[in-house]
file entry_37.cif (mmCIF, C-alpha atoms)
data_protein
#
loop_
_atom_site.label_atom_id
_atom_site.label_comp_id
_atom_site.auth_asym_id
_atom_site.auth_seq_id
_atom_site.Cartn_x
_atom_site.Cartn_y
_atom_site.Cartn_z
CA MET T 439 53.79 104.07 79.00
CA ASP T 440 54.00 107.82 79.52
CA ASP T 441 53.70 109.76 82.75
CA ASP T 442 49.95 109.81 83.08
CA GLY T 443 49.74 106.08 82.68
CA GLY T 444 48.68 106.27 79.05
CA ILE T 445 50.01 103.93 76.40
CA GLU T 446 52.33 105.30 73.79
CA ARG T 447 50.39 106.56 70.80
CA LEU T 448 51.35 106.52 67.18
CA PRO T 449 52.76 109.68 65.58
CA ARG T 450 50.15 112.06 64.22
CA GLY T 451 49.66 112.88 60.56
CA ARG T 452 51.22 111.05 57.65
CA HIS T 453 53.17 108.13 58.97
CA GLY T 454 52.82 105.61 56.16
CA LEU T 455 51.45 102.93 58.49
CA SER T 456 48.81 100.60 57.05
CA PRO T 457 45.22 101.04 58.28
CA GLU T 458 45.31 97.44 59.60
CA PHE T 459 48.38 98.22 61.65
CA VAL T 460 46.82 101.38 63.04
CA ALA T 461 43.62 99.53 63.93
CA ARG T 462 45.45 96.70 65.64
CA ASN T 463 47.61 99.14 67.54
CA GLN T 464 44.53 101.08 68.67
CA ARG T 465 42.82 97.94 69.84
CA GLU T 466 45.86 96.87 71.83
CA ARG T 467 46.11 100.32 73.37
CA LEU T 468 42.44 100.28 74.35
CA ILE T 469 42.87 96.93 76.05
CA ALA T 470 45.95 98.13 77.89
CA GLY T 471 44.07 101.33 78.74
CA LEU T 472 41.18 99.39 80.26
CA ILE T 473 43.52 97.22 82.31
CA GLN T 474 45.27 100.34 83.61
CA ALA T 475 42.06 102.26 84.36
CA LEU T 476 40.58 99.25 86.12
CA TYR T 477 43.60 99.04 88.38
CA GLU T 478 43.41 102.73 89.19
CA VAL T 479 39.71 103.21 89.85
CA GLY T 480 37.95 99.81 89.80
CA TYR T 481 35.29 98.47 87.48
CA GLN T 482 32.40 100.83 88.30
CA LYS T 483 34.42 103.98 87.67
CA THR T 484 36.19 102.70 84.57
CA THR T 485 34.28 104.57 81.88
CA VAL T 486 34.72 104.43 78.14
CA SER T 487 36.13 107.95 78.20
CA LEU T 488 38.70 107.07 80.86
CA ILE T 489 39.76 104.02 78.83
CA GLY T 490 40.08 106.26 75.79
CA LYS T 491 42.13 108.77 77.76
CA ARG T 492 44.53 106.12 79.04
CA ALA T 493 44.81 104.68 75.55
CA ALA T 494 45.01 108.04 73.77
CA VAL T 495 42.18 106.89 71.51
CA SER T 496 38.99 108.88 70.92
CA LYS T 497 35.64 107.70 72.18
CA SER T 498 34.33 107.22 68.67
CA ASP T 499 37.37 105.11 67.81
CA PHE T 500 36.66 103.06 70.95
CA TYR T 501 33.25 102.15 69.55
CA ARG T 502 34.82 101.12 66.27
CA HIS T 503 36.56 98.32 68.18
CA PHE T 504 34.17 97.42 70.97
CA GLY T 505 30.41 97.60 71.41
CA SER T 506 30.67 98.42 75.10
CA LYS T 507 32.93 98.59 78.13
CA ASP T 508 32.00 94.99 78.94
CA GLU T 509 33.06 93.81 75.50
CA CYS T 510 36.42 95.54 75.94
CA PHE T 511 36.68 94.02 79.42
CA VAL T 512 36.19 90.48 78.13
CA ALA T 513 38.76 91.04 75.37
CA ALA T 514 41.19 92.45 77.95
CA TYR T 515 40.60 89.49 80.23
CA ASP T 516 41.48 87.07 77.45
CA VAL T 517 44.63 89.05 76.68
CA ALA T 518 45.63 89.01 80.36
CA VAL T 519 45.14 85.25 80.64
CA GLU T 520 47.10 84.69 77.43
CA ARG T 521 49.98 86.77 78.79
CA ILE T 522 50.02 84.67 81.94
CA ARG T 523 49.77 81.42 80.03
CA GLY T 524 52.58 82.51 77.69
CA GLN T 525 54.78 83.40 80.64
CA LEU T 526 54.12 80.04 82.31
CA LEU T 527 54.70 78.03 79.15
CA ALA T 528 57.97 79.85 78.41
CA ALA T 529 59.19 79.19 81.95
CA CYS T 530 58.23 75.52 81.72
CA GLN T 531 60.06 75.25 78.41
CA GLU T 532 63.13 76.83 79.93
CA ALA T 533 63.13 74.15 82.61
CA GLU T 534 62.49 71.43 80.00
CA GLY T 535 64.31 68.21 80.80
CA GLY T 536 64.59 69.12 84.46
CA GLU T 537 62.70 67.42 87.24
CA TRP T 538 59.09 68.31 88.06
CA PRO T 539 59.96 70.50 91.08
CA GLN T 540 62.35 72.47 88.87
CA ARG T 541 59.59 73.11 86.35
CA ILE T 542 57.19 74.26 89.06
CA ARG T 543 59.87 76.50 90.55
CA SER T 544 60.58 78.10 87.20
CA ALA T 545 56.89 78.61 86.37
CA LEU T 546 56.04 80.08 89.75
CA ALA T 547 59.01 82.45 89.72
CA ALA T 548 58.01 83.69 86.27
CA LEU T 549 54.40 84.14 87.34
CA LEU T 550 55.25 86.19 90.41
CA GLU T 551 57.73 88.32 88.45
CA LEU T 552 55.05 89.10 85.89
CA PHE T 553 52.51 90.07 88.57
CA ALA T 554 55.03 92.16 90.48
CA ALA T 555 56.07 93.99 87.32
CA GLU T 556 52.51 94.50 86.12
CA PRO T 557 50.16 94.87 89.09
CA ALA T 558 47.35 96.02 86.80
CA LEU T 559 47.56 92.72 84.92
CA ALA T 560 47.50 90.80 88.20
CA SER T 561 44.50 92.79 89.30
CA ILE T 562 42.32 92.12 86.25
CA ALA T 563 43.29 88.44 86.18
CA LEU T 564 42.93 87.66 89.87
CA VAL T 565 40.49 90.20 91.27
CA GLU T 566 38.43 92.18 88.78
CA GLY T 567 37.74 89.22 86.51
CA LEU T 568 35.92 87.42 89.29
CA ARG T 569 33.80 90.45 90.06
CA ALA T 570 32.61 91.07 86.55
CA GLY T 571 29.92 88.41 86.54
CA ARG T 572 29.21 85.04 85.09
CA GLY T 573 30.80 85.35 81.66
CA VAL T 574 34.23 86.33 82.92
CA TYR T 575 34.07 84.00 85.91
CA ASP T 576 33.83 81.13 83.43
CA ARG T 577 37.02 82.36 81.79
CA TYR T 578 38.75 82.51 85.17
CA GLN T 579 37.68 78.92 85.78
CA VAL T 580 38.91 77.75 82.37
CA ALA T 581 42.25 79.46 83.00
CA VAL T 582 42.67 77.89 86.45
CA GLU T 583 41.79 74.49 85.03
CA SER T 584 44.35 74.84 82.26
CA PHE T 585 47.00 75.71 84.85
CA VAL T 586 46.03 72.59 86.79
CA VAL T 587 46.75 70.52 83.66
CA LEU T 588 50.10 72.26 83.29
CA MET T 589 50.94 71.60 86.92
CA ARG T 590 50.10 67.89 86.70
CA GLU T 591 52.31 67.25 83.67
CA GLY T 592 55.11 64.99 84.78
CA ALA T 593 54.09 65.29 88.42
CA PRO T 594 55.31 62.49 90.69
CA LEU T 595 53.01 60.22 92.69
CA GLY T 596 51.85 61.55 96.04
CA PRO T 597 53.69 60.92 99.30
CA GLU T 598 51.62 57.77 99.79
CA GLY T 599 52.81 56.35 96.48
CA THR T 600 49.44 56.80 94.80
CA PRO T 601 48.49 59.42 92.21
CA VAL T 602 47.50 62.75 93.72
CA PRO T 603 43.79 63.31 92.99
CA GLU T 604 43.07 66.00 90.44
CA ALA T 605 40.86 67.76 93.00
CA THR T 606 43.92 68.27 95.19
CA ASP T 607 45.77 70.10 92.45
CA GLU T 608 42.62 72.07 91.68
CA ALA T 609 42.58 73.13 95.32
CA VAL T 610 46.29 73.99 95.21
CA VAL T 611 46.04 76.13 92.08
CA GLY T 612 42.70 77.68 93.10
CA GLY T 613 44.10 78.32 96.58
CA ILE T 614 47.23 80.04 95.27
CA ALA T 615 45.14 82.15 92.88
CA SER T 616 42.81 83.15 95.70
CA MET T 617 45.65 84.01 98.06
CA LEU T 618 47.42 86.06 95.39
CA GLY T 619 44.15 87.84 94.61
CA ARG T 620 43.76 88.80 98.27
CA ARG T 621 47.28 90.22 98.28
CA VAL T 622 46.70 92.17 95.09
CA LEU T 623 43.46 93.52 96.54
CA ALA T 624 45.43 94.66 99.59
CA GLY T 625 47.73 96.63 97.26
CA GLU T 626 50.68 94.28 97.68
CA ALA T 627 51.10 93.18 94.05
CA GLU T 628 54.59 94.67 93.72
CA ARG T 629 55.78 92.58 96.66
CA LEU T 630 54.41 89.23 95.50
CA SER T 631 57.89 87.94 94.67
CA GLU T 632 58.68 87.96 98.39
CA LEU T 633 56.13 85.18 98.77
CA PHE T 634 57.94 82.95 96.30
CA PRO T 635 59.47 80.47 98.81
CA GLU T 636 56.26 79.87 100.73
CA ILE T 637 54.08 79.52 97.66
CA LEU T 638 56.58 77.12 96.12
CA GLU T 639 56.56 75.04 99.27
CA PHE T 640 52.78 74.96 99.21
CA ALA T 641 52.69 74.01 95.51
CA LEU T 642 55.17 71.16 95.93
CA ALA T 643 53.80 69.77 99.19
CA ALA T 644 50.78 67.93 97.81
CA HIS T 645 52.99 65.78 95.59
CA LEU T 646 56.18 65.53 97.61
CA GLY T 647 55.00 65.81 101.20
CA ALA T 648 55.55 68.83 103.41
CA GLU T 649 59.05 67.89 104.58
CA GLU T 650 60.48 67.17 101.14
CA ALA T 651 58.88 70.36 99.80
CA ARG T 652 60.51 72.37 102.57
CA ARG T 653 63.85 70.70 101.91
CA ILE T 654 63.75 71.56 98.19
CA VAL T 655 62.74 75.15 98.87
CA SER T 656 65.47 75.75 101.43
CA ALA T 657 68.08 74.03 99.23
CA GLY T 658 67.36 76.84 96.73
CA MET L 112 0.32 82.14 108.04
CA SER L 113 -1.42 84.54 110.43
CA SER L 114 -4.74 83.40 109.05
CA THR L 115 -4.17 79.82 110.23
CA ARG L 116 -2.42 80.68 113.50
CA PRO L 117 -3.79 83.95 114.72
CA GLU L 118 -2.21 83.45 118.15
CA LEU L 119 1.41 83.87 116.93
CA PRO L 120 3.12 86.90 118.42
CA ARG L 121 3.67 89.81 116.05
CA GLU L 122 7.47 89.76 116.41
CA PHE L 123 7.52 86.11 115.42
CA VAL L 124 5.52 86.78 112.28
CA ALA L 125 7.69 89.79 111.40
CA GLY L 126 10.89 87.79 111.91
CA HIS L 127 9.47 84.99 109.88
CA LYS L 128 8.66 87.34 107.03
CA ARG L 129 12.20 88.73 107.06
CA ARG L 130 13.50 85.18 106.89
CA ARG L 131 11.17 84.37 103.97
CA MET L 132 12.38 87.38 102.02
CA MET L 133 16.01 86.46 102.64
CA ASP L 134 15.32 82.86 101.60
CA ALA L 135 13.55 84.12 98.50
CA ILE L 136 16.44 86.30 97.34
CA ALA L 137 18.84 83.40 97.93
CA GLU L 138 16.66 81.09 95.81
CA LEU L 139 16.14 83.62 93.04
CA THR L 140 19.69 84.90 92.73
CA SER L 141 21.06 81.38 92.76
CA GLU L 142 18.74 80.47 89.88
CA GLN L 143 18.91 83.56 87.70
CA GLY L 144 21.62 85.80 89.13
CA TYR L 145 21.40 89.06 91.06
CA GLU L 146 20.88 91.34 88.09
CA ALA L 147 17.85 89.50 86.75
CA THR L 148 16.18 89.18 90.15
CA LYS L 149 13.44 91.78 90.51
CA ILE L 150 11.63 93.04 93.61
CA ALA L 151 8.39 91.71 92.12
CA ASP L 152 9.87 88.19 91.94
CA ILE L 153 11.06 88.39 95.53
CA VAL L 154 7.75 89.49 97.04
CA ARG L 155 5.89 86.87 95.03
CA GLN L 156 8.27 84.09 96.09
CA ALA L 157 8.25 85.19 99.74
CA ALA L 158 4.48 85.77 99.69
CA VAL L 159 4.79 89.18 101.33
CA ALA L 160 3.49 92.60 100.35
CA ARG L 161 5.83 94.91 98.50
CA LYS L 162 5.43 97.35 101.36
CA THR L 163 6.65 94.71 103.83
CA LEU L 164 9.88 94.43 101.88
CA TYR L 165 10.44 98.17 101.97
CA ASP L 166 9.47 98.32 105.65
CA ASN L 167 12.27 95.86 106.40
CA PHE L 168 14.93 96.71 103.84
CA ASP L 169 16.08 99.74 101.85
CA GLY L 170 15.68 97.77 98.66
CA LYS L 171 17.04 94.84 96.71
CA GLU L 172 20.70 95.36 97.55
CA ASP L 173 20.04 95.89 101.25
CA LEU L 174 18.01 92.67 101.36
CA PHE L 175 20.72 90.83 99.42
CA LEU L 176 23.49 92.05 101.74
CA SER L 177 21.42 91.24 104.83
CA ALA L 178 20.78 87.74 103.53
CA ILE L 179 24.48 87.18 102.81
CA ASN L 180 25.44 88.51 106.21
CA SER L 181 22.93 86.32 107.98
CA THR L 182 24.01 83.17 106.10
CA MET L 183 27.71 83.87 106.59
CA THR L 184 27.21 84.38 110.31
CA GLU L 185 25.25 81.15 110.55
CA MET L 186 27.91 79.33 108.56
CA ARG L 187 30.70 80.65 110.73
CA VAL L 188 28.88 79.77 113.95
CA VAL L 189 28.24 76.13 112.95
CA VAL L 190 31.86 75.74 111.83
CA GLU L 191 33.23 77.39 114.96
CA GLU L 192 31.08 75.23 117.21
CA ALA L 193 32.08 72.05 115.40
CA CYS L 194 35.76 72.98 115.65
CA ALA L 195 35.51 73.69 119.35
CA HIS L 196 33.64 70.47 120.01
CA ASP L 197 36.74 68.37 119.53
CA GLY L 198 38.55 70.19 122.24
CA ALA L 199 42.29 69.85 122.34
CA ASP L 200 42.93 67.92 119.13
CA PRO L 201 43.40 70.57 116.42
CA GLU L 202 43.33 68.05 113.56
CA ALA L 203 40.04 66.53 114.63
CA GLY L 204 38.72 70.03 115.15
CA ILE L 205 39.57 71.09 111.61
CA VAL L 206 37.96 67.97 110.13
CA ALA L 207 34.85 68.53 112.26
CA GLY L 208 34.72 72.16 111.13
CA LEU L 209 35.05 71.17 107.47
CA GLU L 210 32.34 68.57 107.89
CA ALA L 211 30.02 71.14 109.43
CA LEU L 212 30.73 73.54 106.56
CA LEU L 213 30.00 70.86 103.94
CA ASP L 214 26.82 69.80 105.72
CA PHE L 215 25.68 73.40 105.88
CA ILE L 216 26.25 73.87 102.14
CA ALA L 217 24.46 70.62 101.34
CA ALA L 218 21.49 71.65 103.48
CA HIS L 219 21.32 75.23 102.15
CA PRO L 220 22.45 75.08 98.52
CA ALA L 221 20.82 78.34 97.44
CA ALA L 222 22.12 80.34 100.40
CA ALA L 223 25.57 78.85 99.88
CA ARG L 224 25.54 79.82 96.23
CA MET L 225 24.44 83.34 97.12
CA CYS L 226 27.35 83.76 99.57
CA MET L 227 30.10 81.93 97.75
CA VAL L 228 29.35 82.57 94.07
CA GLU L 229 26.84 85.37 93.48
CA ALA L 230 28.24 87.66 96.18
CA ILE L 231 31.58 87.94 94.39
CA SER L 232 30.20 89.53 91.26
CA ALA L 233 26.83 91.02 92.21
CA THR L 234 27.77 94.41 93.69
CA PRO L 235 30.94 96.00 95.14
CA SER L 236 29.44 95.78 98.64
CA SER L 237 28.58 92.11 98.29
CA ALA L 238 32.12 91.44 97.02
CA ARG L 239 33.44 93.12 100.16
CA LEU L 240 31.20 90.90 102.28
CA TYR L 241 32.62 87.85 100.53
CA ASP L 242 36.18 89.05 101.17
CA ALA L 243 35.38 89.72 104.82
CA GLY L 244 33.85 86.23 105.11
CA MET L 245 36.98 84.66 103.63
CA ARG L 246 39.09 86.58 106.15
CA GLU L 247 36.98 85.18 108.98
CA PHE L 248 37.55 81.61 107.78
CA VAL L 249 41.28 82.22 107.38
CA LYS L 250 41.37 83.48 110.98
CA LEU L 251 39.37 80.49 112.16
CA LEU L 252 41.87 78.15 110.52
CA GLN L 253 44.82 80.08 111.95
CA LYS L 254 43.31 79.79 115.41
CA ARG L 255 43.26 76.01 115.07
CA THR L 256 46.78 75.70 113.72
CA THR L 257 48.90 78.05 115.83
CA GLY L 258 52.10 76.45 116.97
CA ASN L 259 53.19 75.55 113.45
CA SER L 260 55.53 78.49 113.22
CA ASP L 261 57.80 76.78 110.69
CA LEU L 262 54.98 76.83 108.15
CA PRO L 263 54.61 79.68 105.66
CA ASP L 264 52.56 82.69 106.75
CA THR L 265 50.31 82.54 103.74
CA ILE L 266 49.43 78.89 104.17
CA GLU L 267 46.03 79.37 105.77
CA GLU L 268 45.10 81.87 103.08
CA SER L 269 46.00 79.37 100.38
CA LEU L 270 44.22 76.54 102.17
CA ALA L 271 41.03 78.51 102.79
CA GLY L 272 41.17 79.78 99.21
CA GLY L 273 41.64 76.24 97.90
CA VAL L 274 38.70 74.90 99.89
CA ALA L 275 36.54 77.81 98.71
CA TRP L 276 37.55 77.14 95.11
CA ILE L 277 36.62 73.45 95.26
CA LEU L 278 33.29 74.32 96.89
CA GLN L 279 32.61 77.00 94.27
CA LEU L 280 33.23 74.48 91.50
CA GLN L 281 30.87 72.03 93.21
CA ILE L 282 28.17 74.69 93.68
CA ARG L 283 28.52 75.96 90.12
CA ARG L 284 28.14 72.40 88.83
CA GLY L 285 24.80 72.35 90.66
CA GLU L 286 26.01 69.67 93.06
CA ALA L 287 25.95 71.58 96.34
CA GLU L 288 23.67 68.90 97.84
CA ARG L 289 26.52 66.41 97.48
CA ALA L 290 29.12 68.66 99.10
CA ALA L 291 29.59 66.22 102.00
CA GLU L 292 31.24 63.77 99.59
CA LEU L 293 34.18 66.16 99.36
CA LEU L 294 35.12 65.67 103.02
CA PRO L 295 37.88 63.08 102.58
CA GLU L 296 39.79 64.94 99.86
CA LEU L 297 39.32 68.36 101.44
CA SER L 298 40.45 67.10 104.84
CA GLN L 299 43.52 65.60 103.24
CA PHE L 300 44.21 68.85 101.42
CA VAL L 301 43.82 71.06 104.48
CA LEU L 302 45.70 68.86 106.92
CA SER L 303 48.58 67.64 104.79
CA PRO L 304 50.82 70.67 105.42
CA TYR L 305 50.52 70.07 109.16
CA LEU L 306 50.86 66.31 109.19
CA GLY L 307 54.04 65.64 107.27
CA VAL L 308 54.64 62.75 104.93
CA GLY L 309 52.67 59.55 104.70
CA LYS L 310 50.00 60.33 107.25
CA VAL L 311 46.55 59.68 105.97
CA VAL L 312 43.71 61.66 107.40
CA ASP L 313 40.97 59.82 109.23
CA THR L 314 37.72 61.52 108.34
CA GLY L 315 35.72 59.64 110.92
CA ARG L 316 32.18 58.52 110.33
CA ARG L 317 32.09 59.12 106.58
CA LYS L 318 34.14 56.10 105.46
#
call {"tool": "encode", "arguments": {"input": "entry_37.cif", "output": "structure tokens"}}
result
Amino acid sequence: MDDDGGIERLPRGRHGLSPEFVARNQRERLIAGLIQALYEVGYQKTTVSLIGKRAAVSKSDFYRHFGSKDECFVAAYDVAVERIRGQLLAACQEAEGGEWPQRIRSALAALLELFAAEPALASIALVEGLRAGRGVYDRYQVAVESFVVLMREGAPLGPEGTPVPEATDEAVVGGIASMLGRRVLAGEAERLSELFPEILEFALAAHLGAEEARRIVSAG
Amino acid sequence: MSSTRPELPREFVAGHKRRRMMDAIAELTSEQGYEATKIADIVRQAAVARKTLYDNFDGKEDLFLSAINSTMTEMRVVVEEACAHDGADPEAGIVAGLEALLDFIAAHPAAARMCMVEAISATPSSARLYDAGMREFVKLLQKRTTGNSDLPDTIEESLAGGVAWILQLQIRRGEAERAAELLPELSQFVLSPYLGVGKVVDTGRRK
């Protein structure tokens, strides 16, 4: 990204790039431009021309890719969720073969790093997506549910020796998402990594009990 | 109503009309969403004159925000009272507060949907009201759980957020009336960080 928060544009004139490449690059820039604009000024004030400005793409080119701001928003939301999912899956894979707490630790650390490095991404995923109305809310719900599945893979029985109900993990994941959203809304996205130990403790507690979760977290 | 009971005081009738309009916008937005809800629908549903609506509210958004505010206040009061009822025992207080919240949602499904689902996406002001409401519930929970200084600072935020999420799923499934069934699992979820290992929560009268 350059100084005014735009996304690097392709060289002008004859560059020998295929039209498909140029189109794909433009589309990606528009999506990144919307995510950036949204973070700066919020949904209401994110206009097509501001998106174009951030993306260094003309308004008429915008309409070649998207029918409206909302259409671009939905596309951007899907991209944001895919980024998050990719980050989580990669972290889980890295911890492959390890115990369940290790996998959760790795996934959570990766998630918070991503949000801290890209506050605008955290904002669309956790805050703006919920505010955009029914269509995007459904996507938020699907994403949360898929993270619940990920969290339950290989999870141990609860502290009482019985399986932890799915609703509990839904509450854990939904609760973490909500708490992170409140922090992002308060402008604290860059500092989310500081919350790593306490969120990890919270995420582990439902399956391991509060004391064991605390022990694992403080053992590092 | 004034035609059948002409002796009712004017303030009572006026207050009742305000209530009817707020109930109407809750019903309508929970069925069709905020955007699709028109002033004409509201006055028809509430059986009031269009002028009455504009005498009481600046317009659709003002009515919507007033209705959310009123429901949230009511919700917070019943939860606060239920919590306080159990006196010194913070665990029993939290369970009682949760139970009151679930009962309220079950008894007022449309109003609950308006506050907990529609408010988030309807307008920037209604989203702010939702955030403020969440903050109130976080504070309420913190008030009941002080003394657990070894627990993470963000825990009440995550717990309140988790409860809200489960309730939103229930409301969006159209099962708000059965919210009370969630009491055992939600109590377990909210109390487990405070209770330590192996303690099962007693949710009292509901099996």
call {"tool": "interface_residues", "arguments": {"input": "entry_37.cif", "of": "chain L", "to": "chain T", "cutoff": "8 Å", "atoms": "only C-alpha atoms", "output": "PDB file with C-alpha atoms, keeping the file's coordinate frame"}}
result
ATOM      1  CA  ILE L 231      31.580  87.940  94.390  1.00  0.00           C
ATOM      2  CA  SER L 232      30.200  89.530  91.260  1.00  0.00           C
ATOM      3  CA  ALA L 233      26.830  91.020  92.210  1.00  0.00           C
ATOM      4  CA  ALA L 238      32.120  91.440  97.020  1.00  0.00           C
ATOM      5  CA  PRO L 263      54.610  79.680 105.660  1.00  0.00           C
ATOM      6  CA  ASP L 264      52.560  82.690 106.750  1.00  0.00           C
ATOM      7  CA  THR L 265      50.310  82.540 103.740  1.00  0.00           C
ATOM      8  CA  ILE L 266      49.430  78.890 104.170  1.00  0.00           C
ATOM      9  CA  GLU L 268      45.100  81.870 103.080  1.00  0.00           C
ATOM     10  CA  SER L 269      46.000  79.370 100.380  1.00  0.00           C
ATOM     11  CA  LEU L 270      44.220  76.540 102.170  1.00  0.00           C
ATOM     12  CA  ALA L 271      41.030  78.510 102.790  1.00  0.00           C
ATOM     13  CA  GLY L 272      41.170  79.780  99.210  1.00  0.00           C
ATOM     14  CA  GLY L 273      41.640  76.240  97.900  1.00  0.00           C
ATOM     15  CA  VAL L 274      38.700  74.900  99.890  1.00  0.00           C
ATOM     16  CA  ALA L 275      36.540  77.810  98.710  1.00  0.00           C
ATOM     17  CA  TRP L 276      37.550  77.140  95.110  1.00  0.00           C
ATOM     18  CA  ILE L 277      36.620  73.450  95.260  1.00  0.00           C
ATOM     19  CA  GLU L 296      39.790  64.940  99.860  1.00  0.00           C
ATOM     20  CA  LEU L 297      39.320  68.360 101.440  1.00  0.00           C
ATOM     21  CA  PHE L 300      44.210  68.850 101.420  1.00  0.00           C
ATOM     22  CA  SER L 303      48.580  67.640 104.790  1.00  0.00           C
ATOM     23  CA  PRO L 304      50.820  70.670 105.420  1.00  0.00           C
ATOM     24  CA  TYR L 305      50.520  70.070 109.160  1.00  0.00           C
ATOM     25  CA  LEU L 306      50.860  66.310 109.190  1.00  0.00           C
ATOM     26  CA  GLY L 307      54.040  65.640 107.270  1.00  0.00           C
ATOM     27  CA  VAL L 308      54.640  62.750 104.930  1.00  0.00           C
ATOM     28  CA  GLY L 309      52.670  59.550 104.700  1.00  0.00           C
TER      29      GLY L 309
END
call {"tool": "atom_distance", "arguments": {"input": "entry_37.cif", "atom1": "atom CA of L:His219", "atom2": "atom CA of L:Thr182"}}
result
9.3 Å
call {"tool": "resolve_selection", "arguments": {"input": "entry_37.cif", "expression": "the PyMOL selection byres ((chain T and resi 497-514) around 9)", "output": "CSV table (one decimal) with C-alpha atoms, keeping the file's coordinate frame"}}
result
chain,number,residue,atom,x,y,z
T,461,ALA,CA,43.6,99.5,63.9
T,464,GLN,CA,44.5,101.1,68.7
T,465,ARG,CA,42.8,97.9,69.8
T,466,GLU,CA,45.9,96.9,71.8
T,468,LEU,CA,42.4,100.3,74.4
T,469,ILE,CA,42.9,96.9,76.0
T,470,ALA,CA,46.0,98.1,77.9
T,472,LEU,CA,41.2,99.4,80.3
T,473,ILE,CA,43.5,97.2,82.3
T,484,THR,CA,36.2,102.7,84.6
T,485,THR,CA,34.3,104.6,81.9
T,486,VAL,CA,34.7,104.4,78.1
T,487,SER,CA,36.1,108.0,78.2
T,489,ILE,CA,39.8,104.0,78.8
T,490,GLY,CA,40.1,106.3,75.8
T,491,LYS,CA,42.1,108.8,77.8
T,495,VAL,CA,42.2,106.9,71.5
T,496,SER,CA,39.0,108.9,70.9
T,515,TYR,CA,40.6,89.5,80.2
T,516,ASP,CA,41.5,87.1,77.4
T,517,VAL,CA,44.6,89.0,76.7
T,518,ALA,CA,45.6,89.0,80.4
T,519,VAL,CA,45.1,85.2,80.6
T,562,ILE,CA,42.3,92.1,86.2
T,567,GLY,CA,37.7,89.2,86.5
T,570,ALA,CA,32.6,91.1,86.6
T,573,GLY,CA,30.8,85.4,81.7
T,574,VAL,CA,34.2,86.3,82.9
T,577,ARG,CA,37.0,82.4,81.8
call {"tool": "atom_distance", "arguments": {"input": "entry_37.cif", "atom1": "atom CA of L:Ala158", "atom2": "atom CA of L:Asp214"}}
result
28.1 Å
call {"tool": "resolve_selection", "arguments": {"input": "entry_37.cif", "expression": "the PyMOL selection byres ((chain L and resi 176) around 12)", "output": "MDAnalysis selection string"}}
result
chainID L and resid 133 136:137 145 168:175 177:183 222 225:226 229:231 233:241
call {"tool": "atom_distance", "arguments": {"input": "entry_37.cif", "atom1": "atom CA of L:Ile216", "atom2": "atom CA of L:Leu293"}}
result
11.4 Å
call {"tool": "resolve_selection", "arguments": {"input": "entry_37.cif", "expression": "the PyMOL selection byres ((chain L and resi 247) around 12)", "output": "list of chain:residue names"}}
result
L:Met183, L:Thr184, L:Met186, L:Arg187, L:Val188, L:Val190, L:Glu191, L:Leu240, L:Tyr241, L:Asp242, L:Ala243, L:Gly244, L:Met245, L:Arg246, L:Phe248, L:Val249, L:Lys250, L:Leu251, L:Leu252, L:Gln253, L:Lys254, L:Glu267, L:Glu268, L:Ala271, L:Gly272
call {"tool": "closest_atom_pairs", "arguments": {"input": "entry_37.cif", "of": "stretch 157-190 of chain L", "to": "stretch 122-132 of chain L", "cutoff": "8 Å", "atoms": "all atoms listed in the file", "output": "tab-separated table"}}
result
residue	atom	partner	partner_atom	distance
L:Ala157	CA	L:Met132	CA	5.2
L:Val159	CA	L:Lys128	CA	7.1
L:Leu164	CA	L:Met132	CA	7.5
L:Asn167	CA	L:Arg129	CA	7.2
L:Leu174	CA	L:Met132	CA	7.8
call {"tool": "axis_aligned_box", "arguments": {"input": "entry_37.cif", "around": "stretch 620-628 of chain T", "padding_each_side": "4 Å", "output": "AutoDock Vina command-line options"}}
result
--center_x 49.0 --center_y 92.7 --center_z 96.7 --size_x 19.1 --size_y 15.8 --size_z 13.9
call {"tool": "residues_around", "arguments": {"input": "entry_37.cif", "residues": "L:Glu288", "least_positions_apart": "6", "cutoff": "7 Å", "atoms": "only C-alpha atoms", "output": "ChimeraX atom specification"}}
result
/L:217-218,220
